[in-house]
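S.K.: Next up, work_13.tsv (TSV, C-alpha atoms).
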```
chain	number	residue	atom	x	y	z
A	1	MET	CA	192.32	206.46	59.32
A	2	MET	CA	194.99	207.11	61.94
A	3	ASP	CA	197.47	207.92	59.15
A	4	TYR	CA	194.95	210.30	57.63
A	5	LEU	CA	194.71	212.23	60.91
A	6	LEU	CA	198.46	212.82	60.80
A	7	TRP	CA	198.41	213.84	57.12
A	8	ARG	CA	195.27	215.98	56.99
A	9	GLY	CA	194.74	216.86	60.67
A	10	ASP	CA	196.24	220.36	60.47
A	11	LEU	CA	193.78	221.57	57.81
A	12	LEU	CA	190.32	222.90	58.65
A	13	PHE	CA	187.32	221.83	56.59
A	14	ARG	CA	187.07	225.26	55.01
A	15	GLU	CA	190.69	224.83	53.87
A	16	ALA	CA	190.43	221.21	52.68
A	17	PRO	CA	186.83	220.23	51.81
A	18	PHE	CA	185.00	217.28	53.32
A	19	ASN	CA	185.87	213.95	51.68
A	20	GLU	CA	185.02	210.25	51.85
A	21	VAL	CA	187.61	209.54	54.56
A	22	ASP	CA	186.05	212.22	56.80
A	23	ASN	CA	182.77	210.37	56.31
A	24	LEU	CA	184.35	207.12	57.47
A	25	ILE	CA	185.86	208.80	60.54
A	26	PHE	CA	182.55	210.34	61.61
A	27	SER	CA	180.72	207.07	60.95
A	28	GLU	CA	183.16	205.33	63.31
A	29	LEU	CA	183.05	208.10	65.94
A	30	VAL	CA	179.38	207.51	66.77
A	31	TYR	CA	180.32	204.11	68.26
A	32	VAL	CA	181.77	205.95	71.27
A	33	ASP	CA	179.43	205.90	74.28
A	34	PHE	CA	178.67	209.61	74.63
A	35	GLY	CA	176.03	209.12	77.33
A	36	ASN	CA	176.15	212.00	79.90
A	37	ILE	CA	178.84	213.66	77.77
A	38	VAL	CA	177.22	215.00	74.59
A	39	PRO	CA	173.94	216.97	75.10
A	40	GLY	CA	170.82	215.06	74.09
A	41	VAL	CA	168.06	215.66	71.55
A	42	ASP	CA	166.11	218.00	73.85
A	43	SER	CA	169.05	220.38	74.32
A	44	ASN	CA	170.44	223.15	72.12
A	45	ALA	CA	173.84	222.87	73.80
A	46	SER	CA	176.92	221.32	72.20
A	47	ILE	CA	180.42	220.23	73.17
A	48	THR	CA	183.67	220.15	71.20
A	49	LEU	CA	185.14	216.80	70.26
A	50	LYS	CA	188.23	217.65	72.30
A	51	GLU	CA	186.10	218.27	75.40
A	52	ALA	CA	184.09	215.09	74.79
A	53	SER	CA	187.29	213.04	74.51
A	54	GLU	CA	188.70	214.44	77.74
A	55	GLU	CA	185.45	213.73	79.58
A	56	PHE	CA	185.20	210.20	78.19
A	57	PHE	CA	188.70	209.21	79.30
A	58	LYS	CA	188.07	210.60	82.78
A	59	HIS	CA	185.60	207.75	83.27
A	60	HIS	CA	187.04	204.96	81.10
A	61	THR	CA	190.47	203.33	81.25
A	62	GLU	CA	192.32	201.86	78.28
A	63	GLU	CA	192.20	198.43	79.95
A	64	GLU	CA	188.40	198.63	80.26
A	65	ILE	CA	188.01	199.58	76.59
A	66	GLU	CA	190.46	196.92	75.38
A	67	SER	CA	188.61	194.20	77.30
A	68	LYS	CA	185.53	194.55	75.10
A	69	VAL	CA	185.08	192.05	72.29
A	70	SER	CA	183.49	194.35	69.69
A	71	SER	CA	185.82	195.91	67.11
A	72	THR	CA	183.96	199.21	67.61
A	73	LYS	CA	185.91	199.72	70.83
A	74	MET	CA	188.64	201.30	68.68
A	75	ALA	CA	186.35	204.30	68.10
A	76	ALA	CA	187.39	205.70	71.49
A	77	PHE	CA	191.07	205.65	70.54
A	78	LEU	CA	190.26	207.19	67.16
A	79	MET	CA	188.42	209.99	68.98
A	80	ARG	CA	191.43	210.64	71.21
A	81	GLU	CA	193.65	211.10	68.15
A	82	MET	CA	191.03	213.26	66.42
A	83	ALA	CA	190.94	215.52	69.46
A	84	LYS	CA	194.63	216.34	69.00
A	85	THR	CA	194.09	217.74	65.50
A	86	LYS	CA	193.13	221.19	64.26
A	87	ARG	CA	190.67	219.67	61.75
A	88	PHE	CA	188.59	217.68	64.24
A	89	GLY	CA	189.36	219.00	67.73
A	90	ASP	CA	186.85	221.88	67.57
A	91	VAL	CA	184.10	220.00	65.71
A	92	ARG	CA	180.99	220.43	67.86
A	93	LEU	CA	178.85	217.43	68.89
A	94	PHE	CA	175.18	217.71	69.81
A	95	ARG	CA	171.76	216.00	69.77
A	96	TYR	CA	173.11	212.62	70.95
A	97	ILE	CA	170.66	209.76	71.39
A	98	ASP	CA	171.21	206.16	72.46
A	99	ASP	CA	167.93	204.30	72.68
A	100	ILE	CA	167.63	200.55	73.27
A	101	ASP	CA	164.10	199.15	73.36
A	102	TYR	CA	163.87	195.42	74.05
A	103	LYS	CA	160.12	195.36	73.51
A	104	GLU	CA	160.46	196.91	70.04
A	105	GLN	CA	163.63	194.88	69.37
A	106	SER	CA	165.47	198.03	68.37
A	107	GLN	CA	168.79	199.74	69.11
A	108	PHE	CA	169.14	203.27	67.80
A	109	CYS	CA	172.03	205.68	68.28
A	110	ALA	CA	172.96	208.90	66.49
A	111	VAL	CA	174.92	212.12	66.94
A	112	THR	CA	175.18	215.32	64.91
A	113	LEU	CA	178.43	217.18	64.22
A	114	LEU	CA	178.95	220.82	63.26
A	115	LEU	CA	182.06	221.50	61.16
A	116	ASP	CA	184.02	224.74	60.84
A	117	ASP	CA	182.68	225.26	57.28
A	118	ASN	CA	179.19	225.47	58.86
A	119	SER	CA	178.06	222.14	57.39
A	120	ILE	CA	176.70	219.34	59.55
A	121	PHE	CA	177.13	215.57	59.48
A	122	VAL	CA	174.47	213.29	60.97
A	123	SER	CA	176.12	210.02	62.01
A	124	TYR	CA	174.00	206.93	62.62
A	125	SER	CA	175.50	204.09	64.63
A	126	GLY	CA	175.65	200.54	63.39
A	127	THR	CA	174.86	197.55	65.56
A	128	ASP	CA	176.30	197.85	69.04
A	129	ASN	CA	177.30	195.11	71.47
A	130	THR	CA	173.73	194.11	72.36
A	131	ILE	CA	171.93	191.04	71.02
A	132	VAL	CA	168.78	193.14	70.55
A	133	GLY	CA	170.77	195.31	68.15
A	134	TRP	CA	171.78	192.26	66.13
A	135	ARG	CA	168.21	190.99	66.12
A	136	GLU	CA	167.11	194.20	64.43
A	137	ASN	CA	169.51	193.41	61.57
A	138	PHE	CA	167.81	190.02	61.11
A	139	ASN	CA	164.38	191.67	61.26
A	140	MET	CA	165.25	193.61	58.09
A	141	SER	CA	164.77	190.35	56.17
A	142	PHE	CA	161.00	190.35	56.73
A	143	LEU	CA	159.92	193.85	57.91
A	144	ASP	CA	159.13	196.66	55.48
A	145	GLU	CA	160.31	199.12	58.14
A	146	THR	CA	162.23	198.42	61.35
A	147	PRO	CA	161.74	200.55	64.48
A	148	GLY	CA	165.33	201.78	64.05
A	149	GLN	CA	164.63	203.00	60.52
A	150	LEU	CA	161.54	204.90	61.68
A	151	LYS	CA	163.56	206.49	64.50
A	152	ALA	CA	166.25	207.51	62.01
A	153	VAL	CA	163.67	209.41	59.94
A	154	LYS	CA	162.15	210.99	63.05
A	155	TYR	CA	165.61	212.08	64.22
A	156	LEU	CA	166.23	213.84	60.91
A	157	ASN	CA	162.77	215.42	60.66
A	158	GLU	CA	162.37	216.55	64.27
A	159	THR	CA	165.89	217.01	65.60
A	160	ILE	CA	167.78	218.57	62.71
A	161	SER	CA	166.84	222.11	61.73
A	162	SER	CA	166.32	222.77	58.03
A	163	ASP	CA	168.18	226.08	58.57
A	164	TRP	CA	171.44	224.28	57.85
A	165	GLU	CA	172.48	224.83	54.26
A	166	ILE	CA	174.71	221.78	53.85
A	167	LEU	CA	173.74	218.45	55.38
A	168	ARG	CA	175.55	215.13	55.02
A	169	ILE	CA	174.37	211.83	56.47
A	170	GLY	CA	176.28	208.62	57.01
A	171	GLY	CA	176.87	205.48	58.98
A	172	HIS	CA	178.60	202.13	59.09
A	173	SER	CA	176.90	198.73	58.86
A	174	LYS	CA	173.27	199.11	59.99
A	175	GLY	CA	174.03	202.83	60.41
A	176	GLY	CA	174.61	203.06	56.65
A	177	ASN	CA	171.22	201.49	56.03
A	178	LEU	CA	169.60	203.98	58.45
A	179	ALA	CA	171.34	206.90	56.74
A	180	VAL	CA	169.99	205.92	53.32
A	181	TYR	CA	166.53	205.14	54.70
A	182	ALA	CA	166.31	208.48	56.53
A	183	ALA	CA	167.47	210.39	53.45
A	184	VAL	CA	164.89	208.85	51.11
A	185	THR	CA	162.02	209.05	53.62
A	186	CYS	CA	162.49	212.41	55.38
A	187	ARG	CA	160.46	215.50	54.46
A	188	GLU	CA	161.15	217.12	51.11
A	189	SER	CA	162.53	220.38	52.56
A	190	MET	CA	165.18	218.31	54.37
A	191	GLN	CA	166.01	216.26	51.28
A	192	GLU	CA	166.83	219.45	49.39
A	193	LYS	CA	169.54	220.25	51.97
A	194	ILE	CA	171.24	216.86	51.69
A	195	ALA	CA	174.56	217.10	49.84
A	196	ALA	CA	175.57	213.45	50.25
A	197	VAL	CA	174.58	210.18	51.91
A	198	TYR	CA	177.27	207.65	52.89
A	199	CYS	CA	176.63	203.94	53.38
A	200	ASN	CA	179.76	202.15	54.64
A	201	ASP	CA	179.30	198.38	54.25
A	202	GLY	CA	175.64	198.68	55.18
A	203	PRO	CA	172.91	196.18	54.22
A	204	GLY	CA	170.43	197.07	51.49
A	205	PHE	CA	166.65	196.90	51.44
A	206	MET	CA	163.82	194.65	50.40
A	207	GLY	CA	163.04	195.02	46.69
A	208	ARG	CA	160.00	197.29	47.10
A	209	LYS	CA	161.94	200.08	48.81
A	210	ILE	CA	164.63	200.46	46.13
A	211	ASP	CA	161.97	200.74	43.42
A	212	GLU	CA	160.23	203.66	45.11
A	213	TRP	CA	160.44	207.11	43.52
A	214	ASN	CA	162.05	208.76	46.58
A	215	TYR	CA	164.87	206.21	46.57
A	216	GLN	CA	165.51	206.73	42.87
A	217	LYS	CA	165.51	210.51	43.37
A	218	MET	CA	168.14	210.30	46.14
A	219	LEU	CA	170.29	207.74	44.29
A	220	PRO	CA	172.78	210.26	42.75
A	221	LYS	CA	173.66	211.50	46.25
A	222	ILE	CA	174.27	208.03	47.75
A	223	HIS	CA	177.91	206.94	48.11
A	224	ALA	CA	178.24	203.27	49.01
A	225	PHE	CA	181.48	201.58	50.07
A	226	MET	CA	182.26	197.97	50.95
A	227	PRO	CA	185.45	195.93	51.48
A	228	GLU	CA	186.59	193.08	49.21
A	229	ALA	CA	185.28	190.38	51.55
A	230	SER	CA	182.01	192.13	52.34
A	231	ILE	CA	179.22	190.14	53.95
A	232	VAL	CA	176.94	192.70	55.63
A	233	GLY	CA	177.12	195.16	52.72
A	234	MET	CA	176.05	192.44	50.26
A	235	LEU	CA	172.84	191.64	52.14
A	236	LEU	CA	169.47	192.47	50.58
A	237	GLU	CA	169.24	194.80	47.57
A	238	HIS	CA	171.19	197.92	46.54
A	239	LYS	CA	170.80	200.19	43.54
A	240	ALA	CA	173.63	202.62	44.32
A	241	ASP	CA	176.95	202.03	42.57
A	242	CYS	CA	179.26	200.58	45.20
A	243	THR	CA	182.96	201.35	45.56
A	244	VAL	CA	185.00	198.35	46.70
A	245	VAL	CA	187.85	199.27	49.06
A	246	LYS	CA	191.02	197.50	50.17
A	247	SER	CA	191.32	196.23	53.73
A	248	SER	CA	194.35	195.16	55.75
A	249	ALA	CA	192.26	192.39	57.38
A	250	SER	CA	190.83	189.18	55.93
A	251	GLY	CA	187.40	187.61	55.83
A	252	PRO	CA	184.63	188.97	58.08
A	253	MET	CA	187.11	191.19	59.93
A	254	GLN	CA	187.11	193.48	56.88
A	255	HIS	CA	183.75	194.79	58.09
A	256	ASP	CA	185.75	196.80	60.66
A	257	THR	CA	186.33	200.20	59.01
A	258	MET	CA	189.53	200.67	61.03
A	259	THR	CA	191.09	198.11	58.65
A	260	TRP	CA	190.14	200.00	55.48
A	261	GLU	CA	193.15	201.42	53.66
A	262	VAL	CA	193.50	205.13	52.95
A	263	LEU	CA	195.73	206.99	50.51
A	264	GLY	CA	195.68	210.79	50.71
A	265	ASN	CA	192.07	211.90	51.06
A	266	SER	CA	190.61	208.77	49.43
A	267	LEU	CA	189.92	205.15	50.24
A	268	VAL	CA	192.10	202.69	48.34
A	269	ARG	CA	190.07	201.06	45.55
A	270	VAL	CA	190.10	197.48	44.27
A	271	GLU	CA	188.40	196.18	41.14
A	272	SER	CA	185.71	193.98	42.63
A	273	VAL	CA	184.39	192.09	45.62
A	274	ALA	CA	186.17	188.77	46.37
A	275	GLU	CA	184.75	185.62	44.79
A	276	LYS	CA	183.95	184.09	48.21
A	277	SER	CA	181.79	187.10	49.08
A	278	ILE	CA	179.93	186.80	45.78
A	279	LEU	CA	179.28	183.09	46.42
A	280	LEU	CA	178.09	183.78	49.97
A	281	ASP	CA	175.87	186.57	48.70
A	282	GLN	CA	174.32	184.27	46.09
A	283	THR	CA	173.74	181.61	48.74
A	284	LEU	CA	172.09	183.96	51.25
A	285	LYS	CA	169.90	185.64	48.62
A	286	ALA	CA	168.75	182.26	47.28
A	287	TRP	CA	168.10	181.08	50.84
A	288	ILE	CA	166.07	184.17	51.73
A	289	ASP	CA	164.13	184.02	48.45
A	290	LYS	CA	163.04	180.44	49.20
A	291	MET	CA	161.24	181.65	52.35
A	292	ASP	CA	158.29	184.00	52.56
A	293	ALA	CA	158.19	186.84	55.12
A	294	LYS	CA	156.40	184.69	57.72
A	295	GLN	CA	158.96	181.89	57.47
A	296	ARG	CA	161.82	184.36	57.88
A	297	GLU	CA	160.14	185.86	60.93
A	298	GLU	CA	159.59	182.43	62.48
A	299	PHE	CA	163.25	181.51	61.99
A	300	VAL	CA	164.50	184.77	63.54
A	301	ASP	CA	162.10	184.41	66.47
A	302	THR	CA	163.27	180.85	67.10
A	303	LEU	CA	166.97	181.69	66.85
A	304	PHE	CA	166.76	184.58	69.28
A	305	GLU	CA	164.45	182.68	71.62
A	306	ILE	CA	167.37	180.30	72.17
A	307	LEU	CA	169.73	183.20	72.95
A	308	GLU	CA	167.16	184.77	75.27
A	309	GLU	CA	166.60	181.53	77.16
A	310	GLY	CA	170.36	181.20	77.48
A	311	ARG	CA	170.50	184.76	78.92
A	312	ILE	CA	172.81	185.89	76.15
A	313	GLU	CA	172.37	189.67	76.09
A	314	THR	CA	175.59	190.94	74.47
A	315	VAL	CA	178.23	189.90	71.96
A	316	ASP	CA	180.63	189.72	74.90
A	317	ASP	CA	178.38	187.09	76.48
A	318	LEU	CA	178.70	184.98	73.33
A	319	ALA	CA	182.44	185.50	72.94
A	320	ASN	CA	183.23	184.76	76.59
A	321	MET	CA	180.97	181.72	76.77
A	322	LYS	CA	182.47	178.67	78.43
A	323	TRP	CA	182.16	175.29	76.70
A	324	LYS	CA	179.69	174.08	79.34
A	325	LYS	CA	177.49	177.11	78.69
A	326	PHE	CA	177.68	176.54	74.92
A	327	VAL	CA	176.51	172.94	75.37
A	328	GLU	CA	173.62	174.17	77.53
A	329	LEU	CA	172.70	176.71	74.86
A	330	PHE	CA	172.76	174.01	72.17
A	331	LYS	CA	170.50	171.81	74.29
A	332	LEU	CA	167.94	174.60	74.48
A	333	SER	CA	167.15	174.07	70.80
A	334	SER	CA	165.95	170.54	71.59
A	335	ALA	CA	163.80	171.89	74.43
A	336	LEU	CA	161.88	174.17	72.07
A	337	GLU	CA	158.33	173.38	71.11
A	338	HIS	CA	158.21	170.80	68.32
A	339	GLU	CA	156.98	173.37	65.80
A	340	ASN	CA	159.94	175.70	66.52
A	341	GLN	CA	162.39	172.80	66.33
A	342	GLU	CA	161.08	172.01	62.88
A	343	ILE	CA	161.40	175.67	61.80
A	344	LEU	CA	165.03	175.72	62.90
A	345	LYS	CA	165.91	172.39	61.25
A	346	ARG	CA	164.06	173.18	58.02
A	347	THR	CA	165.62	176.62	57.62
A	348	LEU	CA	169.18	175.49	58.35
A	349	LYS	CA	168.74	172.52	56.00
A	350	LEU	CA	167.63	174.93	53.27
A	351	LEU	CA	170.73	177.08	53.91
A	352	LEU	CA	172.97	173.99	53.56
A	353	GLU	CA	171.26	172.96	50.32
A	354	GLU	CA	171.62	176.43	48.80
A	355	SER	CA	175.27	176.57	49.87
A	356	GLN	CA	176.02	173.25	48.15
A	357	LYS	CA	174.12	174.34	45.04
A	358	THR	CA	176.04	177.65	44.82
A	359	ILE	CA	179.43	175.92	45.15
A	360	LYS	CA	178.46	173.31	42.52
A	361	ASN	CA	177.37	176.01	40.05
A	362	ALA	CA	180.61	177.92	40.64
A	363	VAL	CA	182.70	174.82	39.90
A	364	ILE	CA	180.75	174.13	36.67
A	365	LYS	CA	181.19	177.76	35.60
A	366	LYS	CA	184.96	177.57	36.16
A	367	ARG	CA	185.26	174.39	34.10
A	368	LYS	CA	183.51	176.09	31.20
```
Transcribe the structure of this file into structure tokens.
M.R.:
Amino acid sequence: MMDYLLWRGDLLFREAPFNEVDNLIFSELVYVDFGNIVPGVDSNASITLKEASEEFFKHHTEEEIESKVSSTKMAAFLMREMAKTKRFGDVRLFRYIDDIDYKEQSQFCAVTLLLDDNSIFVSYSGTDNTIVGWRENFNMSFLDETPGQLKAVKYLNETISSDWEILRIGGHSKGGNLAVYAAVTCRESMQEKIAAVYCNDGPGFMGRKIDEWNYQKMLPKIHAFMPEASIVGMLLEHKADCTVVKSSASGPMQHDTMTWEVLGNSLVRVESVAEKSILLDQTLKAWIDKMDAKQREEFVDTLFEILEEGRIETVDDLANMKWKKFVELFKLSSALEHENQEILKRTLKLLLEESQKTIKNAVIKKRK
């Protein structure tokens, strides 16, 4: 993406039309903490990206940003480079929201961008650094609608004016899921304005949602991308044709869009997802299918009860955990009520069994 800024940065959107790399850049940008910088949902004011970048770096040092564990920290440096370009510097940001609700187990963040061609891009954030944000991802395995998904629809219906002629929506990871959900669930007058929906390595949906008429109607406008070693993007069900892109990283680190390779105004394609990702996807789907919604909910509740008891609130807390603290956290599982212990053991045993079964089937298939 940084190379793209150098190559395409001197051309306005009305000179070089919006493309899939622009989508990726805006889907990464929303990871920047724009609190007290970009006007909120109750304001009609806006700020240029250049102004937002200057304000952000007045209050945050490079050392502070680098010290964070999450790969999304690079969004701030991407913004700084965007601000130097003609294409992105004068893009206007408005209607920013960052809402974390521990009671609802939801983390929702979004920002809207106005481009020089008078189109807008609504960017939904993926999971942030909080454990509550990660819990919402797990909740997708048993809830028909998560609080974050409902907020994404509300944001589109109540915050974005239908006066805009061209509307694009996108996001990375959970943000991609929210973008698709909002597009297929928002009011009809808004759907007519949507030119494209971008899901960048975002999880899918439970089977019922993808069979609904509104989803099928929006399908031609949905552009889905995932890296070769995708994990998150393979979760649950998709109906949209997915483009597999090349990454400079390996394994789970490919989820970081800053590693996705770009050539000209396109993402670099590869033929298919890596075999390991396919095997993992088969294992997880088989594992999830063996549990009903209540069993999935019980497992998620138990898992996050351990993290809560261990006062693990952020990904940084997990990453910076000392060995002594890890041992204490592990011991908490044995201190759970007997019923919850059994839920944890039974579910993890099922995961192990499905993993062994998937590997065995793959070996047999190769021999044939």
S.K.: From the options A:Ala45, A:Met2, A:Ile37, A:Ala16, which residue's atoms come nearest to Met82 in chain A, counting all atoms listed in the file?
M.R.: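 Residue with the minimum atom-to-atom distance to Met82 in chain A: A:Met2.
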S.K.: Between A:Asp22, A:Glu309, A:Glu275, A:Glu64, which has the minimum distance to Ile169 in chain A (counting all atoms listed in the file)?
M.R.: A:Asp22
S.K.: Which is closer to Gly89 in chain A than all the others in A:Thr127, A:Thr48, A:Asn118, A:Asn36, using all atoms listed in the file?
M.R.: A:Thr48
S.K.: In Å, rounded to a single decimal, give me how far CA of Trp7 in chain A is from CA of Gly264 in chain A.
M.R.: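 Separating CA of Gly264 in chain A from CA of Trp7 in chain A is a distance of 7.6 Å.
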S.K.: By how many Å are CA of Phe94 in chain A and CA of Met190 in chain A apart?
M.R.: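 CA of Phe94 in chain A sits 18.4 Å away from CA of Met190 in chain A.
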S.K.: Output range 13-23 of chain A as a PDB file, keeping the file's coordinate frame, making sure all heavy atoms are there.
M.R.:
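File part.pdb, as written:
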```pdb
ATOM      1  N   PHE A  13     188.196 222.242  57.675  1.00  0.00           N
ATOM      2  CA  PHE A  13     187.320 221.830  56.590  1.00  0.00           C
ATOM      3  C   PHE A  13     187.136 222.942  55.551  1.00  0.00           C
ATOM      4  O   PHE A  13     186.937 222.671  54.376  1.00  0.00           O
ATOM      5  CB  PHE A  13     185.957 221.386  57.141  1.00  0.00           C
ATOM      6  CG  PHE A  13     185.998 220.029  57.778  1.00  0.00           C
ATOM      7  CD1 PHE A  13     186.201 219.893  59.146  1.00  0.00           C
ATOM      8  CD2 PHE A  13     185.856 218.880  57.013  1.00  0.00           C
ATOM      9  CE1 PHE A  13     186.255 218.639  59.736  1.00  0.00           C
ATOM     10  CE2 PHE A  13     185.906 217.617  57.598  1.00  0.00           C
ATOM     11  CZ  PHE A  13     186.114 217.504  58.961  1.00  0.00           C
ATOM     12  N   ARG A  14     187.200 224.175  55.983  1.00  0.00           N
ATOM     13  CA  ARG A  14     187.070 225.260  55.010  1.00  0.00           C
ATOM     14  C   ARG A  14     188.343 225.453  54.187  1.00  0.00           C
ATOM     15  O   ARG A  14     188.351 226.152  53.189  1.00  0.00           O
ATOM     16  CB  ARG A  14     186.673 226.570  55.704  1.00  0.00           C
ATOM     17  CG  ARG A  14     187.620 227.088  56.758  1.00  0.00           C
ATOM     18  CD  ARG A  14     187.121 228.443  57.268  1.00  0.00           C
ATOM     19  NE  ARG A  14     187.989 228.996  58.290  1.00  0.00           N
ATOM     20  CZ  ARG A  14     187.791 228.865  59.601  1.00  0.00           C
ATOM     21  NH1 ARG A  14     186.746 228.180  60.046  1.00  0.00           N
ATOM     22  NH2 ARG A  14     188.614 229.407  60.473  1.00  0.00           N
ATOM     23  N   GLU A  15     189.435 224.794  54.619  1.00  0.00           N
ATOM     24  CA  GLU A  15     190.690 224.830  53.870  1.00  0.00           C
ATOM     25  C   GLU A  15     190.839 223.613  52.954  1.00  0.00           C
ATOM     26  O   GLU A  15     191.370 223.706  51.846  1.00  0.00           O
ATOM     27  CB  GLU A  15     191.880 224.896  54.842  1.00  0.00           C
ATOM     28  CG  GLU A  15     191.895 226.160  55.691  1.00  0.00           C
ATOM     29  CD  GLU A  15     192.904 226.089  56.830  1.00  0.00           C
ATOM     30  OE1 GLU A  15     193.240 224.963  57.266  1.00  0.00           O
ATOM     31  OE2 GLU A  15     193.349 227.159  57.277  1.00  0.00           O
ATOM     32  N   ALA A  16     190.399 222.464  53.450  1.00  0.00           N
ATOM     33  CA  ALA A  16     190.430 221.210  52.680  1.00  0.00           C
ATOM     34  C   ALA A  16     189.044 220.580  52.789  1.00  0.00           C
ATOM     35  O   ALA A  16     188.685 220.067  53.841  1.00  0.00           O
ATOM     36  CB  ALA A  16     191.491 220.263  53.226  1.00  0.00           C
ATOM     37  N   PRO A  17     188.243 220.652  51.744  1.00  0.00           N
ATOM     38  CA  PRO A  17     186.830 220.230  51.810  1.00  0.00           C
ATOM     39  C   PRO A  17     186.623 218.811  52.297  1.00  0.00           C
ATOM     40  O   PRO A  17     187.496 217.949  52.178  1.00  0.00           O
ATOM     41  CB  PRO A  17     186.371 220.387  50.345  1.00  0.00           C
ATOM     42  CG  PRO A  17     187.295 221.373  49.756  1.00  0.00           C
ATOM     43  CD  PRO A  17     188.629 221.145  50.417  1.00  0.00           C
ATOM     44  N   PHE A  18     185.446 218.587  52.832  1.00  0.00           N
ATOM     45  CA  PHE A  18     185.000 217.280  53.320  1.00  0.00           C
ATOM     46  C   PHE A  18     185.202 216.225  52.232  1.00  0.00           C
ATOM     47  O   PHE A  18     184.948 216.462  51.051  1.00  0.00           O
ATOM     48  CB  PHE A  18     183.509 217.375  53.677  1.00  0.00           C
ATOM     49  CG  PHE A  18     182.951 216.151  54.336  1.00  0.00           C
ATOM     50  CD1 PHE A  18     182.872 216.063  55.710  1.00  0.00           C
ATOM     51  CD2 PHE A  18     182.492 215.086  53.575  1.00  0.00           C
ATOM     52  CE1 PHE A  18     182.349 214.935  56.327  1.00  0.00           C
ATOM     53  CE2 PHE A  18     181.965 213.948  54.175  1.00  0.00           C
ATOM     54  CZ  PHE A  18     181.898 213.874  55.554  1.00  0.00           C
ATOM     55  N   ASN A  19     185.650 215.035  52.635  1.00  0.00           N
ATOM     56  CA  ASN A  19     185.870 213.950  51.680  1.00  0.00           C
ATOM     57  C   ASN A  19     185.394 212.616  52.251  1.00  0.00           C
ATOM     58  O   ASN A  19     184.922 212.548  53.386  1.00  0.00           O
ATOM     59  CB  ASN A  19     187.350 213.883  51.271  1.00  0.00           C
ATOM     60  CG  ASN A  19     188.262 213.617  52.460  1.00  0.00           C
ATOM     61  OD1 ASN A  19     188.183 212.554  53.078  1.00  0.00           O
ATOM     62  ND2 ASN A  19     189.103 214.580  52.810  1.00  0.00           N
ATOM     63  N   GLU A  20     185.556 211.564  51.473  1.00  0.00           N
ATOM     64  CA  GLU A  20     185.020 210.250  51.850  1.00  0.00           C
ATOM     65  C   GLU A  20     185.689 209.660  53.093  1.00  0.00           C
ATOM     66  O   GLU A  20     185.075 208.862  53.816  1.00  0.00           O
ATOM     67  CB  GLU A  20     185.136 209.284  50.682  1.00  0.00           C
ATOM     68  CG  GLU A  20     186.548 209.030  50.211  1.00  0.00           C
ATOM     69  CD  GLU A  20     186.620 208.315  48.873  1.00  0.00           C
ATOM     70  OE1 GLU A  20     185.729 208.537  48.027  1.00  0.00           O
ATOM     71  OE2 GLU A  20     187.560 207.528  48.680  1.00  0.00           O
ATOM     72  N   VAL A  21     186.947 210.043  53.357  1.00  0.00           N
ATOM     73  CA  VAL A  21     187.610 209.540  54.560  1.00  0.00           C
ATOM     74  C   VAL A  21     187.037 210.222  55.807  1.00  0.00           C
ATOM     75  O   VAL A  21     186.869 209.592  56.855  1.00  0.00           O
ATOM     76  CB  VAL A  21     189.139 209.731  54.482  1.00  0.00           C
ATOM     77  CG1 VAL A  21     189.815 209.090  55.691  1.00  0.00           C
ATOM     78  CG2 VAL A  21     189.696 209.140  53.201  1.00  0.00           C
ATOM     79  N   ASP A  22     186.716 211.512  55.699  1.00  0.00           N
ATOM     80  CA  ASP A  22     186.050 212.220  56.800  1.00  0.00           C
ATOM     81  C   ASP A  22     184.736 211.519  57.141  1.00  0.00           C
ATOM     82  O   ASP A  22     184.384 211.350  58.315  1.00  0.00           O
ATOM     83  CB  ASP A  22     185.778 213.679  56.424  1.00  0.00           C
ATOM     84  CG  ASP A  22     187.042 214.481  56.208  1.00  0.00           C
ATOM     85  OD1 ASP A  22     187.981 214.343  57.010  1.00  0.00           O
ATOM     86  OD2 ASP A  22     187.091 215.259  55.228  1.00  0.00           O
ATOM     87  N   ASN A  23     184.013 211.118  56.103  1.00  0.00           N
ATOM     88  CA  ASN A  23     182.770 210.370  56.310  1.00  0.00           C
ATOM     89  C   ASN A  23     183.026 209.123  57.137  1.00  0.00           C
ATOM     90  O   ASN A  23     182.285 208.829  58.089  1.00  0.00           O
ATOM     91  CB  ASN A  23     182.178 209.980  54.948  1.00  0.00           C
ATOM     92  CG  ASN A  23     181.636 208.559  54.929  1.00  0.00           C
ATOM     93  OD1 ASN A  23     180.666 208.222  55.612  1.00  0.00           O
ATOM     94  ND2 ASN A  23     182.299 207.691  54.181  1.00  0.00           N
TER      95      ASN A  23
END
```
